[in-house]
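Novice: Take a look at target_15.cif, mmCIF, N, CA and C atoms:
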data_final
#
loop_
_atom_site.label_atom_id
_atom_site.label_comp_id
_atom_site.auth_asym_id
_atom_site.auth_seq_id
_atom_site.Cartn_x
_atom_site.Cartn_y
_atom_site.Cartn_z
N MET A 177 17.78 9.97 -16.12
CA MET A 177 17.98 10.71 -14.89
C MET A 177 16.77 10.54 -13.98
N THR A 178 17.00 10.29 -12.71
CA THR A 178 15.88 10.14 -11.79
C THR A 178 15.45 11.50 -11.26
N THR A 179 14.15 11.60 -10.98
CA THR A 179 13.60 12.86 -10.49
C THR A 179 13.42 12.83 -8.98
N ASP A 180 13.82 11.73 -8.33
CA ASP A 180 13.56 11.59 -6.91
C ASP A 180 14.60 10.66 -6.32
N SER A 181 15.08 10.95 -5.15
CA SER A 181 15.96 10.04 -4.43
C SER A 181 15.52 10.07 -2.98
N HIS A 182 15.13 8.93 -2.47
CA HIS A 182 14.50 8.88 -1.17
C HIS A 182 14.91 7.60 -0.46
N HIS A 183 15.36 7.71 0.80
CA HIS A 183 15.72 6.52 1.58
C HIS A 183 14.78 6.37 2.77
N VAL A 184 14.33 5.15 2.98
CA VAL A 184 13.50 4.80 4.15
C VAL A 184 13.98 3.46 4.69
N ASP A 185 13.55 3.15 5.89
CA ASP A 185 13.84 1.83 6.44
C ASP A 185 13.06 0.75 5.70
N VAL A 186 11.77 1.03 5.45
CA VAL A 186 10.89 0.04 4.82
C VAL A 186 10.16 0.68 3.65
N LEU A 187 10.20 0.03 2.51
CA LEU A 187 9.46 0.47 1.34
C LEU A 187 8.38 -0.57 1.06
N ILE A 188 7.12 -0.12 1.06
CA ILE A 188 5.97 -0.99 0.84
C ILE A 188 5.46 -0.73 -0.57
N ILE A 189 5.23 -1.78 -1.33
CA ILE A 189 4.70 -1.64 -2.69
C ILE A 189 3.22 -1.98 -2.66
N GLY A 190 2.38 -0.98 -2.92
CA GLY A 190 0.94 -1.19 -3.01
C GLY A 190 0.17 -0.59 -1.85
N ALA A 191 -0.90 0.16 -2.17
CA ALA A 191 -1.74 0.80 -1.16
C ALA A 191 -3.14 0.21 -1.15
N GLY A 192 -3.21 -1.11 -1.32
CA GLY A 192 -4.48 -1.81 -1.16
C GLY A 192 -4.61 -2.30 0.27
N ILE A 193 -5.47 -3.26 0.47
CA ILE A 193 -5.74 -3.74 1.83
C ILE A 193 -4.47 -4.31 2.48
N SER A 194 -3.63 -5.00 1.72
CA SER A 194 -2.39 -5.56 2.29
C SER A 194 -1.38 -4.48 2.64
N GLY A 195 -1.19 -3.52 1.75
CA GLY A 195 -0.23 -2.45 2.00
C GLY A 195 -0.62 -1.58 3.18
N ILE A 196 -1.90 -1.26 3.29
CA ILE A 196 -2.37 -0.44 4.42
C ILE A 196 -2.23 -1.23 5.72
N GLY A 197 -2.57 -2.51 5.68
CA GLY A 197 -2.40 -3.36 6.86
C GLY A 197 -0.95 -3.47 7.28
N CYS A 198 -0.06 -3.64 6.31
CA CYS A 198 1.37 -3.72 6.59
C CYS A 198 1.85 -2.43 7.26
N ALA A 199 1.45 -1.29 6.72
CA ALA A 199 1.86 0.00 7.28
C ALA A 199 1.37 0.16 8.71
N TRP A 200 0.13 -0.23 8.98
CA TRP A 200 -0.40 -0.11 10.34
C TRP A 200 0.43 -0.94 11.31
N HIS A 201 0.71 -2.19 10.95
CA HIS A 201 1.49 -3.06 11.84
C HIS A 201 2.91 -2.54 12.02
N LEU A 202 3.48 -1.97 10.98
CA LEU A 202 4.82 -1.40 11.07
C LEU A 202 4.82 -0.21 12.04
N GLN A 203 3.83 0.68 11.91
CA GLN A 203 3.73 1.83 12.82
C GLN A 203 3.58 1.39 14.27
N LYS A 204 2.79 0.36 14.49
CA LYS A 204 2.53 -0.11 15.86
C LYS A 204 3.72 -0.85 16.45
N SER A 205 4.30 -1.77 15.68
CA SER A 205 5.36 -2.63 16.21
C SER A 205 6.75 -2.01 16.14
N CYS A 206 6.97 -1.14 15.17
CA CYS A 206 8.30 -0.55 14.96
C CYS A 206 8.17 0.95 14.68
N PRO A 207 7.66 1.72 15.63
CA PRO A 207 7.41 3.14 15.35
C PRO A 207 8.67 3.94 15.02
N GLU A 208 9.83 3.40 15.36
CA GLU A 208 11.08 4.11 15.08
C GLU A 208 11.51 3.99 13.62
N LEU A 209 10.89 3.09 12.87
CA LEU A 209 11.27 2.89 11.47
C LEU A 209 10.50 3.83 10.54
N SER A 210 11.21 4.35 9.57
CA SER A 210 10.56 5.18 8.54
C SER A 210 10.05 4.27 7.43
N TYR A 211 8.99 4.71 6.77
CA TYR A 211 8.47 3.92 5.65
C TYR A 211 7.76 4.81 4.65
N THR A 212 7.67 4.30 3.44
CA THR A 212 6.92 4.93 2.35
C THR A 212 6.18 3.82 1.62
N ILE A 213 4.99 4.15 1.11
CA ILE A 213 4.23 3.23 0.28
C ILE A 213 4.26 3.77 -1.15
N LEU A 214 4.65 2.93 -2.10
CA LEU A 214 4.57 3.29 -3.51
C LEU A 214 3.30 2.68 -4.09
N GLU A 215 2.48 3.51 -4.70
CA GLU A 215 1.22 3.06 -5.30
C GLU A 215 1.21 3.46 -6.77
N ALA A 216 1.04 2.50 -7.65
CA ALA A 216 1.06 2.76 -9.10
C ALA A 216 -0.13 3.62 -9.53
N ARG A 217 -1.24 3.43 -8.88
CA ARG A 217 -2.45 4.16 -9.26
C ARG A 217 -2.51 5.50 -8.53
N ASP A 218 -3.59 6.24 -8.76
CA ASP A 218 -3.74 7.55 -8.14
C ASP A 218 -4.67 7.53 -6.93
N ALA A 219 -4.93 6.34 -6.39
CA ALA A 219 -5.86 6.24 -5.26
C ALA A 219 -5.54 5.02 -4.40
N ILE A 220 -5.95 5.09 -3.15
CA ILE A 220 -5.87 3.96 -2.22
C ILE A 220 -6.94 2.95 -2.60
N GLY A 221 -6.68 1.69 -2.31
CA GLY A 221 -7.75 0.70 -2.42
C GLY A 221 -7.43 -0.52 -3.24
N GLY A 222 -6.38 -0.49 -4.04
CA GLY A 222 -6.01 -1.67 -4.82
C GLY A 222 -7.15 -2.17 -5.68
N THR A 223 -7.42 -3.46 -5.59
CA THR A 223 -8.50 -4.10 -6.35
C THR A 223 -9.82 -3.37 -6.19
N TRP A 224 -10.07 -2.90 -4.97
CA TRP A 224 -11.37 -2.30 -4.67
C TRP A 224 -11.51 -0.91 -5.27
N ASP A 225 -10.41 -0.31 -5.69
CA ASP A 225 -10.48 0.94 -6.44
C ASP A 225 -10.42 0.67 -7.94
N LEU A 226 -9.67 -0.34 -8.33
CA LEU A 226 -9.49 -0.66 -9.75
C LEU A 226 -10.78 -1.15 -10.40
N PHE A 227 -11.44 -2.08 -9.75
CA PHE A 227 -12.65 -2.68 -10.32
C PHE A 227 -13.90 -2.01 -9.76
N ARG A 228 -14.71 -1.44 -10.65
CA ARG A 228 -15.90 -0.71 -10.22
C ARG A 228 -17.14 -1.15 -10.98
N TYR A 229 -17.14 -2.35 -11.49
CA TYR A 229 -18.30 -2.81 -12.26
C TYR A 229 -19.49 -3.04 -11.32
N PRO A 230 -20.70 -2.96 -11.86
CA PRO A 230 -21.91 -3.12 -11.04
C PRO A 230 -21.93 -4.47 -10.33
N GLY A 231 -22.22 -4.44 -9.06
CA GLY A 231 -22.37 -5.66 -8.29
C GLY A 231 -21.09 -6.24 -7.71
N ILE A 232 -19.93 -5.57 -7.92
CA ILE A 232 -18.69 -6.12 -7.37
C ILE A 232 -18.79 -6.19 -5.85
N ARG A 233 -18.36 -7.33 -5.32
CA ARG A 233 -18.37 -7.52 -3.86
C ARG A 233 -17.32 -8.55 -3.48
N SER A 234 -17.04 -8.62 -2.21
CA SER A 234 -16.07 -9.59 -1.71
C SER A 234 -16.66 -10.98 -1.72
N ASP A 235 -15.83 -11.97 -2.04
CA ASP A 235 -16.29 -13.36 -1.94
C ASP A 235 -15.85 -13.97 -0.60
N SER A 236 -15.24 -13.15 0.23
CA SER A 236 -14.86 -13.55 1.59
C SER A 236 -15.60 -12.64 2.57
N ASP A 237 -15.98 -13.19 3.71
CA ASP A 237 -16.68 -12.33 4.66
C ASP A 237 -15.71 -11.31 5.26
N MET A 238 -16.19 -10.11 5.44
CA MET A 238 -15.36 -9.01 5.91
C MET A 238 -14.95 -9.14 7.37
N TYR A 239 -15.64 -9.97 8.12
CA TYR A 239 -15.26 -10.16 9.52
C TYR A 239 -13.92 -10.89 9.63
N THR A 240 -13.57 -11.70 8.63
CA THR A 240 -12.27 -12.36 8.62
C THR A 240 -11.31 -11.72 7.59
N PHE A 241 -11.83 -11.13 6.52
CA PHE A 241 -11.01 -10.50 5.49
C PHE A 241 -10.51 -9.13 5.93
N GLY A 242 -11.28 -8.46 6.78
CA GLY A 242 -10.93 -7.11 7.21
C GLY A 242 -9.76 -7.08 8.18
N PHE A 243 -9.41 -5.88 8.60
CA PHE A 243 -8.30 -5.67 9.52
C PHE A 243 -8.67 -6.10 10.93
N ALA A 244 -7.83 -6.90 11.57
CA ALA A 244 -8.07 -7.30 12.97
C ALA A 244 -8.00 -6.09 13.89
N PHE A 245 -7.17 -5.10 13.54
CA PHE A 245 -7.02 -3.91 14.36
C PHE A 245 -8.15 -2.90 14.17
N ARG A 246 -8.96 -3.10 13.14
CA ARG A 246 -10.12 -2.25 12.89
C ARG A 246 -11.23 -3.14 12.35
N PRO A 247 -11.92 -3.81 13.26
CA PRO A 247 -12.94 -4.77 12.84
C PRO A 247 -14.02 -4.15 11.95
N TRP A 248 -14.48 -4.95 11.02
CA TRP A 248 -15.57 -4.58 10.12
C TRP A 248 -16.84 -4.48 10.95
N THR A 249 -17.51 -3.34 10.88
CA THR A 249 -18.71 -3.14 11.70
C THR A 249 -19.98 -2.96 10.88
N ALA A 250 -19.84 -2.91 9.57
CA ALA A 250 -21.04 -2.76 8.73
C ALA A 250 -21.88 -4.03 8.81
N GLY A 251 -23.13 -3.90 8.48
CA GLY A 251 -24.06 -5.02 8.62
C GLY A 251 -23.83 -6.19 7.70
N GLU A 252 -23.42 -5.94 6.47
CA GLU A 252 -23.26 -7.02 5.49
C GLU A 252 -21.89 -7.68 5.64
N ALA A 253 -21.90 -8.99 5.82
CA ALA A 253 -20.63 -9.72 5.92
C ALA A 253 -19.91 -9.73 4.57
N PHE A 254 -20.66 -9.88 3.47
CA PHE A 254 -20.08 -9.89 2.13
C PHE A 254 -20.32 -8.52 1.51
N ALA A 255 -19.38 -7.62 1.76
CA ALA A 255 -19.54 -6.22 1.41
C ALA A 255 -19.36 -5.96 -0.08
N ASP A 256 -19.96 -4.86 -0.53
CA ASP A 256 -19.77 -4.44 -1.91
C ASP A 256 -18.45 -3.66 -2.05
N GLY A 257 -18.00 -3.52 -3.28
CA GLY A 257 -16.73 -2.86 -3.57
C GLY A 257 -16.60 -1.46 -3.01
N PRO A 258 -17.60 -0.57 -3.23
CA PRO A 258 -17.47 0.78 -2.69
C PRO A 258 -17.32 0.81 -1.17
N SER A 259 -18.00 -0.08 -0.47
CA SER A 259 -17.88 -0.12 1.00
C SER A 259 -16.48 -0.56 1.42
N ILE A 260 -15.93 -1.52 0.73
CA ILE A 260 -14.58 -1.99 1.06
C ILE A 260 -13.56 -0.90 0.74
N ARG A 261 -13.73 -0.24 -0.41
CA ARG A 261 -12.84 0.85 -0.80
C ARG A 261 -12.83 1.94 0.28
N GLU A 262 -13.99 2.32 0.76
CA GLU A 262 -14.07 3.35 1.80
C GLU A 262 -13.47 2.86 3.11
N TYR A 263 -13.65 1.62 3.43
CA TYR A 263 -13.06 1.01 4.64
C TYR A 263 -11.53 1.11 4.59
N VAL A 264 -10.94 0.78 3.46
CA VAL A 264 -9.48 0.85 3.31
C VAL A 264 -9.02 2.31 3.38
N ARG A 265 -9.71 3.19 2.67
CA ARG A 265 -9.34 4.62 2.67
C ARG A 265 -9.44 5.24 4.06
N SER A 266 -10.54 4.99 4.74
CA SER A 266 -10.73 5.59 6.07
C SER A 266 -9.73 5.01 7.08
N THR A 267 -9.39 3.75 6.92
CA THR A 267 -8.37 3.16 7.80
C THR A 267 -7.03 3.86 7.59
N ALA A 268 -6.66 4.09 6.35
CA ALA A 268 -5.41 4.80 6.05
C ALA A 268 -5.45 6.23 6.59
N ARG A 269 -6.56 6.90 6.38
CA ARG A 269 -6.70 8.28 6.84
C ARG A 269 -6.66 8.36 8.37
N ASP A 270 -7.46 7.54 9.03
CA ASP A 270 -7.58 7.60 10.49
C ASP A 270 -6.29 7.23 11.21
N ASN A 271 -5.43 6.50 10.54
CA ASN A 271 -4.16 6.08 11.14
C ASN A 271 -2.95 6.82 10.57
N ARG A 272 -3.23 7.89 9.83
CA ARG A 272 -2.20 8.75 9.24
C ARG A 272 -1.23 8.00 8.34
N ILE A 273 -1.74 6.99 7.70
CA ILE A 273 -0.94 6.23 6.74
C ILE A 273 -0.99 6.91 5.37
N ASP A 274 -2.09 7.56 5.07
CA ASP A 274 -2.27 8.15 3.74
C ASP A 274 -1.21 9.18 3.39
N GLY A 275 -0.63 9.84 4.36
CA GLY A 275 0.42 10.82 4.11
C GLY A 275 1.76 10.19 3.72
N ARG A 276 1.87 8.89 3.85
CA ARG A 276 3.11 8.18 3.51
C ARG A 276 3.05 7.55 2.12
N ILE A 277 1.96 7.77 1.41
CA ILE A 277 1.77 7.13 0.10
C ILE A 277 2.24 8.04 -1.01
N ARG A 278 3.00 7.49 -1.93
CA ARG A 278 3.41 8.20 -3.15
C ARG A 278 2.60 7.60 -4.29
N TYR A 279 1.62 8.37 -4.74
CA TYR A 279 0.74 7.91 -5.82
C TYR A 279 1.44 8.06 -7.17
N GLY A 280 0.97 7.28 -8.14
CA GLY A 280 1.53 7.38 -9.48
C GLY A 280 2.97 6.91 -9.57
N HIS A 281 3.37 6.02 -8.69
CA HIS A 281 4.73 5.46 -8.68
C HIS A 281 4.64 3.96 -8.98
N ARG A 282 4.88 3.60 -10.22
CA ARG A 282 4.83 2.19 -10.63
C ARG A 282 6.24 1.60 -10.58
N MET A 283 6.44 0.66 -9.66
CA MET A 283 7.75 0.04 -9.51
C MET A 283 8.13 -0.71 -10.79
N THR A 284 9.35 -0.47 -11.25
CA THR A 284 9.83 -1.12 -12.47
C THR A 284 11.02 -2.04 -12.22
N ARG A 285 11.71 -1.80 -11.11
CA ARG A 285 12.91 -2.61 -10.84
C ARG A 285 13.21 -2.57 -9.35
N ALA A 286 13.64 -3.70 -8.83
CA ALA A 286 14.11 -3.78 -7.45
C ALA A 286 15.36 -4.65 -7.44
N ALA A 287 16.42 -4.15 -6.82
CA ALA A 287 17.67 -4.89 -6.75
C ALA A 287 18.23 -4.78 -5.34
N PHE A 288 18.72 -5.89 -4.82
CA PHE A 288 19.30 -5.89 -3.48
C PHE A 288 20.81 -5.90 -3.59
N ASP A 289 21.46 -5.01 -2.86
CA ASP A 289 22.91 -4.93 -2.80
C ASP A 289 23.35 -5.57 -1.48
N SER A 290 23.90 -6.76 -1.54
CA SER A 290 24.30 -7.49 -0.33
C SER A 290 25.40 -6.77 0.44
N ALA A 291 26.31 -6.15 -0.25
CA ALA A 291 27.42 -5.46 0.41
C ALA A 291 26.93 -4.28 1.25
N ARG A 292 25.90 -3.61 0.77
CA ARG A 292 25.35 -2.46 1.49
C ARG A 292 24.11 -2.80 2.29
N ALA A 293 23.60 -4.03 2.11
CA ALA A 293 22.36 -4.46 2.79
C ALA A 293 21.25 -3.45 2.54
N ARG A 294 21.03 -3.19 1.26
CA ARG A 294 20.07 -2.15 0.88
C ARG A 294 19.40 -2.49 -0.44
N TRP A 295 18.10 -2.22 -0.49
CA TRP A 295 17.34 -2.34 -1.74
C TRP A 295 17.40 -1.02 -2.49
N THR A 296 17.50 -1.10 -3.80
CA THR A 296 17.31 0.06 -4.66
C THR A 296 16.11 -0.27 -5.54
N VAL A 297 15.15 0.64 -5.51
CA VAL A 297 13.90 0.44 -6.25
C VAL A 297 13.72 1.60 -7.21
N LEU A 298 13.42 1.28 -8.45
CA LEU A 298 13.12 2.30 -9.45
C LEU A 298 11.63 2.27 -9.74
N ALA A 299 11.08 3.45 -9.97
CA ALA A 299 9.66 3.57 -10.27
C ALA A 299 9.45 4.58 -11.38
N ASP A 300 8.47 4.31 -12.23
CA ASP A 300 8.06 5.28 -13.24
C ASP A 300 7.00 6.18 -12.64
N THR A 301 7.12 7.49 -12.93
CA THR A 301 6.12 8.47 -12.51
C THR A 301 5.80 9.38 -13.69
N ALA A 302 4.79 10.20 -13.55
CA ALA A 302 4.44 11.15 -14.60
C ALA A 302 5.57 12.15 -14.84
N ASP A 303 6.39 12.39 -13.82
CA ASP A 303 7.50 13.34 -13.93
C ASP A 303 8.82 12.68 -14.33
N GLY A 304 8.77 11.39 -14.61
CA GLY A 304 9.99 10.67 -14.97
C GLY A 304 10.33 9.63 -13.93
N PRO A 305 11.49 8.98 -14.08
CA PRO A 305 11.87 7.92 -13.16
C PRO A 305 12.17 8.45 -11.76
N ALA A 306 11.91 7.61 -10.76
CA ALA A 306 12.20 7.94 -9.37
C ALA A 306 12.99 6.79 -8.77
N SER A 307 13.87 7.12 -7.84
CA SER A 307 14.72 6.11 -7.21
C SER A 307 14.51 6.14 -5.70
N PHE A 308 14.43 4.96 -5.11
CA PHE A 308 14.26 4.81 -3.66
C PHE A 308 15.25 3.78 -3.16
N THR A 309 15.70 3.95 -1.94
CA THR A 309 16.50 2.93 -1.29
C THR A 309 15.83 2.60 0.04
N ALA A 310 16.01 1.35 0.46
CA ALA A 310 15.39 0.90 1.71
C ALA A 310 16.15 -0.29 2.28
N ARG A 311 16.06 -0.42 3.58
CA ARG A 311 16.64 -1.60 4.23
C ARG A 311 15.78 -2.83 3.98
N PHE A 312 14.47 -2.62 3.94
CA PHE A 312 13.52 -3.72 3.74
C PHE A 312 12.54 -3.34 2.64
N LEU A 313 12.13 -4.34 1.86
CA LEU A 313 11.15 -4.15 0.79
C LEU A 313 10.02 -5.15 1.02
N VAL A 314 8.78 -4.65 1.06
CA VAL A 314 7.62 -5.50 1.27
C VAL A 314 6.69 -5.35 0.07
N ASN A 315 6.46 -6.46 -0.63
CA ASN A 315 5.60 -6.42 -1.81
C ASN A 315 4.16 -6.72 -1.42
N CYS A 316 3.32 -5.71 -1.49
CA CYS A 316 1.88 -5.85 -1.21
C CYS A 316 1.09 -5.45 -2.44
N SER A 317 1.62 -5.77 -3.61
CA SER A 317 1.01 -5.32 -4.85
C SER A 317 -0.21 -6.12 -5.26
N GLY A 318 -0.44 -7.25 -4.65
CA GLY A 318 -1.63 -8.02 -4.97
C GLY A 318 -1.55 -8.69 -6.32
N TYR A 319 -2.70 -9.11 -6.78
CA TYR A 319 -2.79 -9.87 -8.01
C TYR A 319 -2.75 -9.00 -9.26
N TYR A 320 -3.37 -7.83 -9.21
CA TYR A 320 -3.46 -6.97 -10.38
C TYR A 320 -2.46 -5.85 -10.30
#
As structure tokens, what does this structure read like?

Specialist:
Amino acid sequence: MTTDSHHVDVLIIGAGISGIGCAWHLQKSCPELSYTILEARDAIGGTWDLFRYPGIRSDSDMYTFGFAFRPWTAGEAFADGPSIREYVRSTARDNRIDGRIRYGHRMTRAAFDSARARWTVLADTADGPASFTARFLVNCSGYY
């Protein structure tokens, strides 16, 4: 039995740098569309929240890796993990994206119904399975 049933226009998988960027562009270009972000972990940041070992940093410069809509302004081009994590979090907060995130929702299945032109997505949560439907599904889950 599912503990949740929720329909949106767009369902985004992952609240890392790609998922937050996707949500920002969706809000700007298609403000009439509803969306939700499913995040398996309990925090924003993806890789930058998952990996916290000493010395972790980006191997790409943040002036090109960062969001074009919110340019990287810190002094170091090759930022450390905590700085990138805060950059992603503050971007989500400042653009009211963080309120659209469902934490602790690990996607387990996605199926498209051609007749209904709709995705059905199942996710595991601490409270049991959850079900979502959406017109569009965007996978921003990254590598890990």

Novice: Suppose you want the space between atom N of Arg233 (chain A) and atom C of Gly221 (chain A); what is it in Å?

Specialist: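 About the pair atom N of Arg233 (chain A) and atom C of Gly221 (chain A): they are 13.0 Å apart.
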
Novice: Convert the output of the PyMOL selection byres ((chain A and resi 237) around 8) on the shown file into explicit residues, formatted as a list of chain:residue names.

Specialist: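 Selected by the PyMOL selection byres ((chain A and resi 237) around 8) in this file: A:Ser234, A:Asp235, A:Ser236, A:Met238, A:Tyr239, A:Thr240, A:Phe241, A:Gly242, A:Glu252, A:Ala253, A:Phe254, A:Ala255.
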
Novice: Taking the file as shown, what set of residues would the PyMOL selection byres ((chain A and resi 182) around 6) give back, as a ChimeraX atom specification?

Specialist: /A:180-181,183-184,307-309

Novice: What does the distance from atom N of Ala191 (chain A) to CA of Val314 (chain A) come to in Å, to one decimal?

Specialist: 10.8 Å

Novice: To test your reading of the syntax: which residues would the PyMOL selection byres (((chain A and resi 231 and name CA) around 10) and name CA) return for the file shown? Reply as a list in words.

Specialist: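 Those residues are Arg228, Tyr229, Pro230, Ile232, Arg233, Ser234, Asp256, Gly257 and Pro258 of chain A.
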
Novice: Go through A:Ser290, A:Thr301, A:Asn315, A:Thr296 and flag the residue nearest Ile196 (chain A), using only C-alpha atoms for the distances.

Specialist: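 Of A:Ser290, A:Thr301, A:Asn315, A:Thr296, the one nearest Ile196 (chain A) is A:Asn315, counting only C-alpha atoms.
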
Novice: With all atoms listed in the file as the atoms that count, which of A:Val297, A:Val186, A:Leu209, A:Leu202 lies nearest to Phe312 (chain A)?

Specialist: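 Closest candidate: A:Val186.
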
Novice: Choose the residue, out of A:Asp274, A:Gly197, A:Arg261, A:Thr284, that has the smallest atom-to-atom separation from Ala299 (chain A); count all atoms listed in the file.

Specialist: A:Thr284
